[in-house]
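Notes follow the structure.
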Amino acid sequence: MYDVLNNPECDTDGMATYEYIVNNVGTCLEDMPALAANLKRADLTGQFLASTARFLAAVDSKTFHAWIPLLVEAAIERDRERRYIGSLLEAIWGRDYAERVDELRESDDNFRRIYKRIYPESVM
C-alpha cells in the first residue's frame with residue numbers, strides 16, 4: 001500500500017488515495033485537505049473523485065459536508081466522457097432528485113452542471 005499522506009506522488013491515478021479514505025474514513029477528516037488535493041492532482045478521469053464523493057456521502061455526509069462538493073466539482077471537470085458523474089445525481093442529491101430538478105438546478109451549481117451534461121436536451 002502506498003503512503004499517500006507522506007508520499008502523495010506515488011498515487012498516479014487516485015486509486016490509492018481513494019482506498020486510503022475508505023480504509024480510514026473514521027480517522028481521516030483532518031487529512032482531507034491533503035487527500036482531496038491529491039485526488040484532484042492524480043485522478044485525470046474523475047473516476048476516483050466521483051467514487052470518493054459517493055462513498056463519503058453514503059457513510060457520513062454531515063461530517064464530510066465541506067469535502068463532498070469540492071470532490072464533485074473536480075469530478076465534473078475531469079469526467080469529460082460522462083462516465084462517472086451521472087452516478088452522483090442520486091448518490092448526492094437523493095433518489096428523488098428527478099422530482100426536484102427545478103429546485104436543485106436553482107440552488108446547487110454542481111447539480112446544474114451535472115444535469116446539463118447528462119441531459120443536454122433538457123430546458124435549463
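Residues are named by chain letter and number: chains run A, B, ... in the order of the C-alpha cells, numbers start at 1 in each chain, and ligands are numbered from 1 in the order shown.
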
Which residues are close to A:Arg80, i.e. within 9 Å by only C-alpha atoms, leaving aside same-chain residues fewer than 3 positions away? Reply as JSON, numbers by chain.
{"A": [45, 46, 76, 77, 83]}

Close residues, A:Cys10 itself excluded, 12 Å, only C-alpha atoms, min 5 positions apart in chain, as number ranges by chain:
A: 1-5, 15-17, 38-39, 41-42

Dump as a compact mmCIF listing (two decimals), in the first residue's frame, selection limited to C-alpha atoms:
# COMPACT_ATOMS: atom_id res chain seq x y z
CA MET A 1 0.00 0.00 0.00
CA TYR A 2 1.22 3.46 -0.87
CA ASP A 3 1.75 6.07 1.81
CA VAL A 4 -0.40 8.73 0.18
CA LEU A 5 -0.07 11.18 3.06
CA MET A 15 -6.95 4.82 -6.54
CA ALA A 16 -4.52 4.64 -3.59
CA THR A 17 -5.93 7.85 -2.14
CA ASN A 38 -4.04 14.52 -4.06
CA LEU A 39 -7.20 13.17 -5.67
CA ARG A 41 -3.90 16.02 -8.82
CA ALA A 42 -3.87 12.32 -9.62

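Compared by their closest atoms to A:Asp31, and using only C-alpha atoms, the residues A:Asn6, A:Trp93, A:Arg82, A:Ser87 rank with A:Asn6 nearest.
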
With distances taken over only C-alpha atoms, which of A:Ala98, A:Leu89, A:Val59, A:Leu29 is nearest to A:Ile114?
A:Leu89

DSSP alpha helix (DSSP H) residues within stretch 6-90 of chain A, listed as number ranges by chain:
A: 15-23, 32-42, 47-60, 68-78, 88-90

Find the residues around A:Glu73 up to 10 Å (only C-alpha atoms counted), leave out those fewer than 3 positions away in its own chain, and share them as a list in words.
Lys40, Gly46, Leu49, Ala50, Ala53, Ile68, Pro69, Leu70, Ile76, Glu77, Arg78, Ile85, Asp109, Asn110, Phe111, Arg113 and Ile114 of chain A

Of the candidates A:Leu35, A:Val101, A:Cys28, A:Leu88, which shows the shortest atom-to-atom distance to A:Pro8, using only C-alpha atoms?
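Nearest to A:Pro8: A:Leu35.
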
Of A:Ala36, A:Ser61, A:Tyr84, A:Val72, the one nearest to A:Asp108 when counting only C-alpha atoms is A:Val72
